[in-house]
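Colleague: Got run02.txt for you, compact mmCIF, C-alpha atoms:
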```
# COMPACT_ATOMS: atom_id res chain seq x y z
CA MET P 27 23.98 -24.26 -12.45
CA LYS P 28 21.27 -21.91 -11.24
CA LYS P 29 20.54 -18.94 -13.41
CA GLU P 30 20.96 -15.64 -11.56
CA ASN P 31 19.93 -12.17 -12.51
CA PHE P 32 20.14 -8.87 -10.68
CA VAL P 33 19.14 -5.21 -10.87
CA LYS P 34 20.15 -2.34 -8.61
CA ILE P 35 18.10 0.83 -8.37
CA GLN P 36 18.74 4.08 -6.53
CA VAL P 37 15.91 6.57 -6.14
CA GLN P 38 15.11 9.79 -4.40
CA ALA P 39 12.68 9.08 -1.53
CA LEU P 40 9.62 10.73 -2.99
CA SER P 41 6.10 9.31 -3.01
CA SER P 42 5.94 10.06 -6.73
CA ASN P 43 8.69 7.44 -7.25
CA GLU P 44 6.70 4.64 -5.59
CA ALA P 45 4.87 3.68 -8.78
CA PHE P 46 8.16 3.64 -10.70
CA VAL P 47 9.85 1.31 -8.21
CA ARG P 48 6.98 -1.16 -7.83
CA ASN P 49 6.48 -1.32 -11.61
CA ALA P 50 10.24 -1.74 -12.18
CA VAL P 51 10.29 -4.67 -9.75
CA ALA P 52 7.27 -6.20 -11.49
CA ALA P 53 8.95 -5.76 -14.88
CA PHE P 54 12.11 -7.44 -13.57
CA CYS P 55 10.04 -10.49 -12.55
CA LEU P 56 8.35 -10.90 -15.94
CA SER P 57 11.18 -13.12 -17.24
CA ILE P 58 10.13 -15.94 -14.89
CA ASP P 59 6.50 -15.83 -15.99
CA PRO P 60 4.76 -14.95 -12.71
CA THR P 61 1.00 -15.05 -12.21
CA VAL P 62 -0.93 -11.78 -12.08
CA ASP P 63 -1.63 -12.40 -8.38
CA GLN P 64 2.05 -12.97 -7.57
CA LEU P 65 3.04 -9.76 -9.35
CA SER P 66 0.41 -7.81 -7.55
CA ASP P 67 1.58 -9.19 -4.17
CA VAL P 68 5.16 -8.15 -4.89
CA LYS P 69 4.10 -4.69 -6.07
CA THR P 70 2.08 -4.12 -2.91
CA ALA P 71 4.92 -5.23 -0.62
CA VAL P 72 7.46 -3.04 -2.45
CA SER P 73 5.14 -0.06 -2.30
CA GLU P 74 4.79 -0.52 1.47
CA ALA P 75 8.57 -0.60 1.92
CA ILE P 76 9.15 2.49 -0.20
CA THR P 77 6.33 4.41 1.51
CA ASN P 78 7.95 3.54 4.81
CA SER P 79 11.27 5.09 3.77
CA VAL P 80 9.62 8.14 2.18
CA ILE P 81 7.44 8.94 5.20
CA HIS P 82 9.19 7.57 8.25
CA ALA P 83 12.89 7.51 7.39
CA TYR P 84 13.03 10.84 5.61
CA GLY P 85 9.83 12.60 6.77
CA GLY P 86 8.81 13.42 3.21
CA ASN P 87 11.94 15.48 2.61
CA GLY P 88 13.65 13.07 0.25
CA GLY P 89 16.83 11.05 0.63
CA LEU P 90 18.49 7.99 -0.86
CA ILE P 91 16.73 4.65 -1.21
CA GLU P 92 18.67 1.70 -2.64
CA ILE P 93 16.84 -1.30 -4.03
CA ASP P 94 18.72 -4.53 -4.85
CA LEU P 95 16.84 -7.22 -6.73
CA LEU P 96 18.25 -10.71 -7.17
CA LEU P 97 16.54 -13.57 -8.95
CA VAL P 98 17.87 -17.04 -8.32
CA ALA P 99 15.87 -19.45 -10.47
CA ARG P 100 12.29 -18.61 -9.43
CA VAL P 101 13.09 -16.99 -6.09
CA LEU P 102 13.17 -13.19 -5.84
CA HIS P 103 15.28 -11.52 -3.16
CA ILE P 104 14.57 -7.84 -2.55
CA GLU P 105 16.68 -5.61 -0.33
CA ILE P 106 15.49 -2.05 0.27
CA ARG P 107 17.81 0.24 2.22
CA ASP P 108 17.40 3.76 3.46
CA PHE P 109 19.79 5.92 5.43
CA GLY P 110 17.23 7.93 7.33
CA GLN P 111 15.88 8.05 10.83
CA GLY P 112 15.65 4.30 11.43
CA ALA P 113 13.82 2.76 14.37
CA ASP P 114 14.99 2.08 17.92
CA ASP P 115 12.94 -1.08 18.26
CA ILE P 116 12.77 -2.91 14.94
CA GLU P 117 10.55 -5.64 16.39
CA ALA P 118 7.92 -3.15 17.58
CA ILE P 119 7.43 -1.57 14.16
CA ARG P 120 6.48 -4.95 12.65
CA LYS P 121 3.42 -5.28 14.87
CA PRO P 122 0.00 -4.74 13.26
CA PHE P 123 -1.42 -1.24 13.79
CA PHE P 124 1.89 0.07 15.15
CA THR P 125 2.29 3.63 13.96
CA THR P 126 4.16 6.69 15.11
CA LYS P 127 1.84 8.93 13.10
CA PRO P 128 -1.79 8.05 13.96
CA ASP P 129 -2.93 11.64 13.45
CA GLU P 130 -1.86 11.46 9.79
CA GLU P 131 -4.25 8.62 8.96
CA ARG P 132 -1.45 6.04 8.99
CA SER P 133 -2.81 2.55 9.39
CA GLY P 134 0.30 0.91 10.86
CA MET P 135 -0.27 -2.09 8.58
CA GLY P 136 2.75 -1.72 6.30
CA PHE P 137 4.97 -4.48 7.70
CA THR P 138 2.01 -6.80 8.31
CA ILE P 139 1.12 -6.49 4.63
CA MET P 140 4.74 -7.05 3.52
CA GLU P 141 4.88 -10.14 5.73
CA SER P 142 1.69 -11.64 4.43
CA PHE P 143 2.37 -10.92 0.76
CA MET P 144 5.94 -12.24 0.74
CA ASP P 145 7.47 -15.52 1.93
CA GLU P 146 10.09 -13.95 4.18
CA LEU P 147 10.66 -10.54 5.76
CA THR P 148 13.64 -9.46 7.84
CA LEU P 149 14.44 -6.03 9.20
CA SER P 150 17.83 -4.74 10.22
CA LYS P 151 19.56 -1.48 10.84
CA THR P 152 21.47 -0.05 7.88
CA ASP P 153 25.15 0.56 8.64
CA GLY P 154 25.44 4.21 9.60
CA GLY P 155 21.72 4.57 10.38
CA GLY P 156 18.47 3.81 8.64
CA LEU P 157 16.46 0.70 7.99
CA THR P 158 17.07 -2.27 5.70
CA ILE P 159 14.15 -4.46 4.65
CA LYS P 160 14.85 -7.85 3.09
CA MET P 161 12.04 -9.79 1.47
CA VAL P 162 11.89 -13.07 -0.37
CA LYS P 163 9.23 -14.30 -2.77
CA ASN P 164 9.28 -17.82 -4.12
CA PHE P 165 7.33 -17.86 -7.37
CA ASP P 166 6.92 -21.62 -7.15
CA ASN P 167 4.66 -21.06 -4.12
CA ASN P 168 1.17 -19.68 -4.52
CA MET X 24 -6.12 8.49 -9.96
CA LYS X 25 -9.71 9.59 -10.45
CA VAL X 26 -12.60 9.87 -8.04
CA LYS X 27 -16.05 9.78 -9.64
CA HIS X 28 -19.37 10.02 -7.90
CA ARG X 29 -23.07 9.60 -8.56
CA PHE X 30 -25.95 10.35 -6.20
CA LEU X 31 -29.04 8.22 -6.45
CA LYS X 32 -32.00 7.93 -4.04
CA GLY X 33 -30.11 8.94 -0.93
CA VAL X 34 -27.04 6.85 -1.75
CA LEU X 35 -23.71 8.34 -2.82
CA TYR X 36 -21.76 6.00 -5.08
CA MET X 37 -18.04 6.77 -5.24
CA SER X 38 -15.77 5.11 -7.72
CA LEU X 39 -12.02 5.19 -7.03
CA GLU X 40 -10.11 4.62 -10.25
CA GLY X 41 -6.39 4.13 -10.92
CA GLU X 42 -3.62 3.60 -8.36
CA LEU X 43 -4.00 4.79 -4.78
CA ASP X 44 -0.67 5.18 -3.00
CA GLU X 45 1.01 7.85 -0.91
CA SER X 46 1.42 10.19 -3.88
CA LYS X 47 -2.35 10.23 -4.51
CA ALA X 48 -3.63 10.11 -0.91
CA LEU X 49 -4.16 13.84 -0.37
CA TYR X 50 -5.87 14.29 -3.71
CA THR X 51 -8.17 11.30 -3.15
CA ARG X 52 -9.05 12.45 0.35
CA GLY X 53 -9.87 15.94 -0.93
CA GLN X 54 -12.03 14.69 -3.79
CA MET X 55 -13.98 12.39 -1.50
CA GLU X 56 -14.54 15.08 1.14
CA THR X 57 -15.75 17.55 -1.48
CA SER X 58 -18.40 15.08 -2.66
CA PHE X 59 -19.45 14.28 0.91
CA ASP X 60 -20.04 17.98 1.53
CA CYS X 61 -22.32 18.27 -1.51
CA TYR X 62 -24.94 15.67 -0.62
CA ASP X 63 -27.23 14.67 2.20
CA MET X 64 -26.85 10.92 1.93
CA GLY X 65 -27.65 8.09 4.32
CA LYS X 66 -25.17 5.73 2.77
CA VAL X 67 -21.93 5.77 0.78
CA VAL X 68 -20.92 2.91 -1.53
CA ILE X 69 -17.18 2.94 -2.31
CA ASP X 70 -16.74 1.07 -5.57
CA LEU X 71 -13.21 -0.28 -6.15
CA SER X 72 -13.88 -2.05 -9.49
CA ASN X 73 -11.49 0.25 -11.31
CA LEU X 74 -8.87 0.63 -8.59
CA SER X 75 -5.93 -1.31 -10.00
CA PHE X 76 -3.56 -0.76 -7.07
CA MET X 77 -3.80 0.22 -3.41
CA ASP X 78 -1.40 -0.12 -0.49
CA SER X 79 -1.83 0.60 3.22
CA THR X 80 -1.93 4.33 2.54
CA GLY X 81 -5.36 3.60 1.08
CA ILE X 82 -6.46 1.97 4.34
CA GLY X 83 -5.71 5.24 6.13
CA VAL X 84 -7.68 7.19 3.54
CA LEU X 85 -10.69 4.87 3.80
CA ILE X 86 -10.74 4.70 7.60
CA GLY X 87 -10.29 8.46 7.85
CA ARG X 88 -13.34 9.04 5.62
CA PHE X 89 -15.32 6.39 7.52
CA LYS X 90 -14.75 8.22 10.82
CA LYS X 91 -16.03 11.51 9.42
CA LEU X 92 -19.09 9.90 7.85
CA LYS X 93 -19.87 7.99 11.02
CA GLU X 94 -20.13 11.31 12.88
CA ARG X 95 -22.83 12.28 10.37
CA GLY X 96 -24.62 8.96 10.86
CA VAL X 97 -23.77 7.82 7.34
CA THR X 98 -23.04 4.13 6.74
CA VAL X 99 -20.28 3.10 4.36
CA VAL X 100 -19.85 -0.10 2.36
CA ILE X 101 -17.11 -1.28 -0.03
CA ALA X 102 -17.79 -2.96 -3.35
CA ASN X 103 -15.74 -4.94 -5.87
CA PRO X 104 -12.14 -4.88 -4.57
CA SER X 105 -9.47 -6.72 -6.58
CA ARG X 106 -7.99 -9.84 -5.01
CA SER X 107 -4.94 -8.13 -3.50
CA ILE X 108 -6.88 -5.09 -2.29
CA ASP X 109 -9.41 -7.49 -0.76
CA LYS X 110 -6.52 -9.20 1.05
CA ILE X 111 -5.29 -5.86 2.47
CA LEU X 112 -8.77 -4.79 3.57
CA THR X 113 -9.36 -8.15 5.25
CA LEU X 114 -5.97 -8.12 7.02
CA SER X 115 -6.48 -4.65 8.40
CA GLY X 116 -10.04 -5.27 9.59
CA VAL X 117 -11.53 -2.56 7.37
CA TYR X 118 -14.57 -4.75 6.63
CA THR X 119 -15.56 -4.71 10.29
CA LEU X 120 -16.17 -0.97 9.85
CA MET X 121 -17.24 -0.91 6.20
CA PRO X 122 -18.69 -4.24 5.10
CA LYS X 123 -17.98 -5.65 1.67
CA VAL X 124 -21.04 -5.85 -0.60
CA GLU X 125 -21.71 -7.14 -4.10
CA TYR X 126 -22.93 -4.67 -6.68
```
If you convert what's in this file into structure tokens, what do you get?
Modeller:
Amino acid sequence: MKKENFVKIQVQALSSNEAFVRNAVAAFCLSIDPTVDQLSDVKTAVSEAITNSVIHAYGGNGGLIEIDLLLVARVLHIEIRDFGQGADDIEAIRKPFFTTKPDEERSGMGFTIMESFMDELTLSKTDGGGLTIKMVKNFDNN
Amino acid sequence: MKVKHRFLKGVLYMSLEGELDESKALYTRGQMETSFDCYDMGKVVIDLSNLSFMDSTGIGVLIGRFKKLKERGVTVVIANPSRSIDKILTLSGVYTLMPKVEY
């Protein structure tokens, strides 16, 4: 039987919580003995997702972000949900350099970075509005 | 997050230290701009040796500073990024504006 483990986190959508969330996710992964590079990839991807909710979903005004972590053997599943503004075209926002806020020095690279640092990325609309980001990292891959 | 600088023979060396994410972007931007205003340099070296974390917010900060320095005719290079920061900078094409150098 596969060993499973999970953690659920709810945070206020504030940029000052980004470090907490990415470090909590990293700490959760420590039990499966990841490499430093793998941990740093996961932290970067999580930080991108949280920044996205803080800035785009809630416009910096705060709101609820839910983070579900599930470890099945050496595969990490992360689901990050917000209940904010969402996006009309969830394919468009994945494209490199796509940003709705170019005047605020936004690079538009968030989803491209999540995609390249994780093994899988899927976007969907949260029930009742908002965006849900699902990511998978297999720690048996490099 | 700390921003340190040192001016030597026309070159401004800036060291970004700590974790650069959304919560530290405004502060970092401000610290960098203040240093830029103080010196008449031909070149800026942004040293990332002690930057332990950066996400795409950092890309915005770096490109924003690059644009302002370019208007002044100042060249900018980036030194010593960690492996994952290097990956982000490569992905986003930052090195085409600010080449990576060894120091």
Colleague: Write out as a VMD selection string the residues lying within 9 Å of segment 117-124 of chain P, counting all atoms listed in the file and excluding same-chain residues fewer than 4 positions away.
Modeller: (chain P and resid 113 128 132 to 139 141 149) or (chain X and resid 115)
Colleague: Keeping only C-alpha atoms, write those residues as a short mmCIF file (atom, residue, chain, number, x, y, z; two decimals), in the coordinates of the input.
Modeller:
```cif
data_model
loop_
_atom_site.label_atom_id
_atom_site.label_comp_id
_atom_site.auth_asym_id
_atom_site.auth_seq_id
_atom_site.Cartn_x
_atom_site.Cartn_y
_atom_site.Cartn_z
CA ALA P 113 13.82 2.76 14.37
CA PRO P 128 -1.79 8.05 13.96
CA ARG P 132 -1.45 6.04 8.99
CA SER P 133 -2.81 2.55 9.39
CA GLY P 134 0.30 0.91 10.86
CA MET P 135 -0.27 -2.09 8.58
CA GLY P 136 2.75 -1.72 6.30
CA PHE P 137 4.97 -4.48 7.70
CA THR P 138 2.01 -6.80 8.31
CA ILE P 139 1.12 -6.49 4.63
CA GLU P 141 4.88 -10.14 5.73
CA LEU P 149 14.44 -6.03 9.20
CA SER X 115 -6.48 -4.65 8.40
#
```
Colleague: Would you list which chain X residues are within 7 Å of chain P using only C-alpha atoms, as a PyMOL selection string?
Modeller: chain X and resi 45-46+78-80+82-84+87+107+111+115
Colleague: Suppose you want the space between atom CA of Asp115 of chain P and atom CA of Ser79 of chain P; what is it in Å?
Modeller: 15.8 Å
Colleague: Quick check, in Å to one decimal: how far apart do atom CA of Ala52 of chain P and atom CA of Leu95 of chain P lie?
Modeller: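 Separating atom CA of Ala52 of chain P from atom CA of Leu95 of chain P is a distance of 10.7 Å.
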Colleague: If you measure from atom CA of Glu42 of chain X to atom CA of Ala75 of chain P, what distance in Å do you get, rounded to one decimal?
Modeller: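 Value for the atom CA of Glu42 of chain X-atom CA of Ala75 of chain P distance: 16.5 Å.
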Colleague: Pick the closest to Asn87 of chain P from P:Phe109, P:Thr126, P:Ser150, P:Gln38: which is it, counting all atoms listed in the file?
Modeller: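 Checking each candidate against Asn87 of chain P, we get P:Gln38 as the closest.
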Colleague: Taking all atoms listed in the file into account, name the residue in P:Met144, P:Ala50, P:Ile159, P:Ala39 that is nearest to Ala83 of chain P.
Modeller: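 The answer is P:Ala39, which sits nearest to Ala83 of chain P.
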Colleague: What's around segment 49-55 of chain X at 7 Å? Count only C-alpha atoms, leave out sequence neighbours fewer than 2 positions away in its own chain, and write the answer as a ChimeraX atom specification.
Modeller: /X:26,47,57-59,84
Colleague: Mind checking which residues fall within 8 Å of Val101 of chain P, counting only C-alpha atoms, ignoring those fewer than 4 positions away in the same chain, and posting them as a ChimeraX atom specification?
Modeller: /P:97,162-166
Colleague: Could you write out that same residue set with C-alpha atoms as a PDB file, in the frame of the given file?
Modeller:
```pdb
ATOM      1  CA  LEU P  97      16.540 -13.570  -8.950  1.00  0.00           C
ATOM      2  CA  VAL P 162      11.890 -13.070  -0.370  1.00  0.00           C
ATOM      3  CA  LYS P 163       9.230 -14.300  -2.770  1.00  0.00           C
ATOM      4  CA  ASN P 164       9.280 -17.820  -4.120  1.00  0.00           C
ATOM      5  CA  PHE P 165       7.330 -17.860  -7.370  1.00  0.00           C
ATOM      6  CA  ASP P 166       6.920 -21.620  -7.150  1.00  0.00           C
TER       7      ASP P 166
END
```
Colleague: Fewer than 6 positions away in the same chain doesn't count, so skip those; otherwise give me all residues within 12 Å of Phe54 of chain P, counting all atoms listed in the file, as a PyMOL selection string.
Modeller: chain P and resi 31-35+47-48+60+65+68-69+94-97+100+102-104
Colleague: Pick the closest to Glu30 of chain P from P:Gly155, P:Thr148, P:Ile116, P:Ser57: which is it, counting all atoms listed in the file?
Modeller: P:Ser57
Colleague: Residues around (-19.0, -8.5, -10.4), cut-off 10 Å, counting only C-alpha atoms - what are they as a PDB file with C-alpha atoms, keeping the file's coordinate frame?
Modeller:
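Wrote it out as out_38.pdb, contents follow:
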```pdb
ATOM      1  CA  SER X  72     -13.880  -2.050  -9.490  1.00  0.00           C
ATOM      2  CA  ALA X 102     -17.790  -2.960  -3.350  1.00  0.00           C
ATOM      3  CA  ASN X 103     -15.740  -4.940  -5.870  1.00  0.00           C
ATOM      4  CA  PRO X 104     -12.140  -4.880  -4.570  1.00  0.00           C
ATOM      5  CA  GLU X 125     -21.710  -7.140  -4.100  1.00  0.00           C
ATOM      6  CA  TYR X 126     -22.930  -4.670  -6.680  1.00  0.00           C
TER       7      TYR X 126
END
```
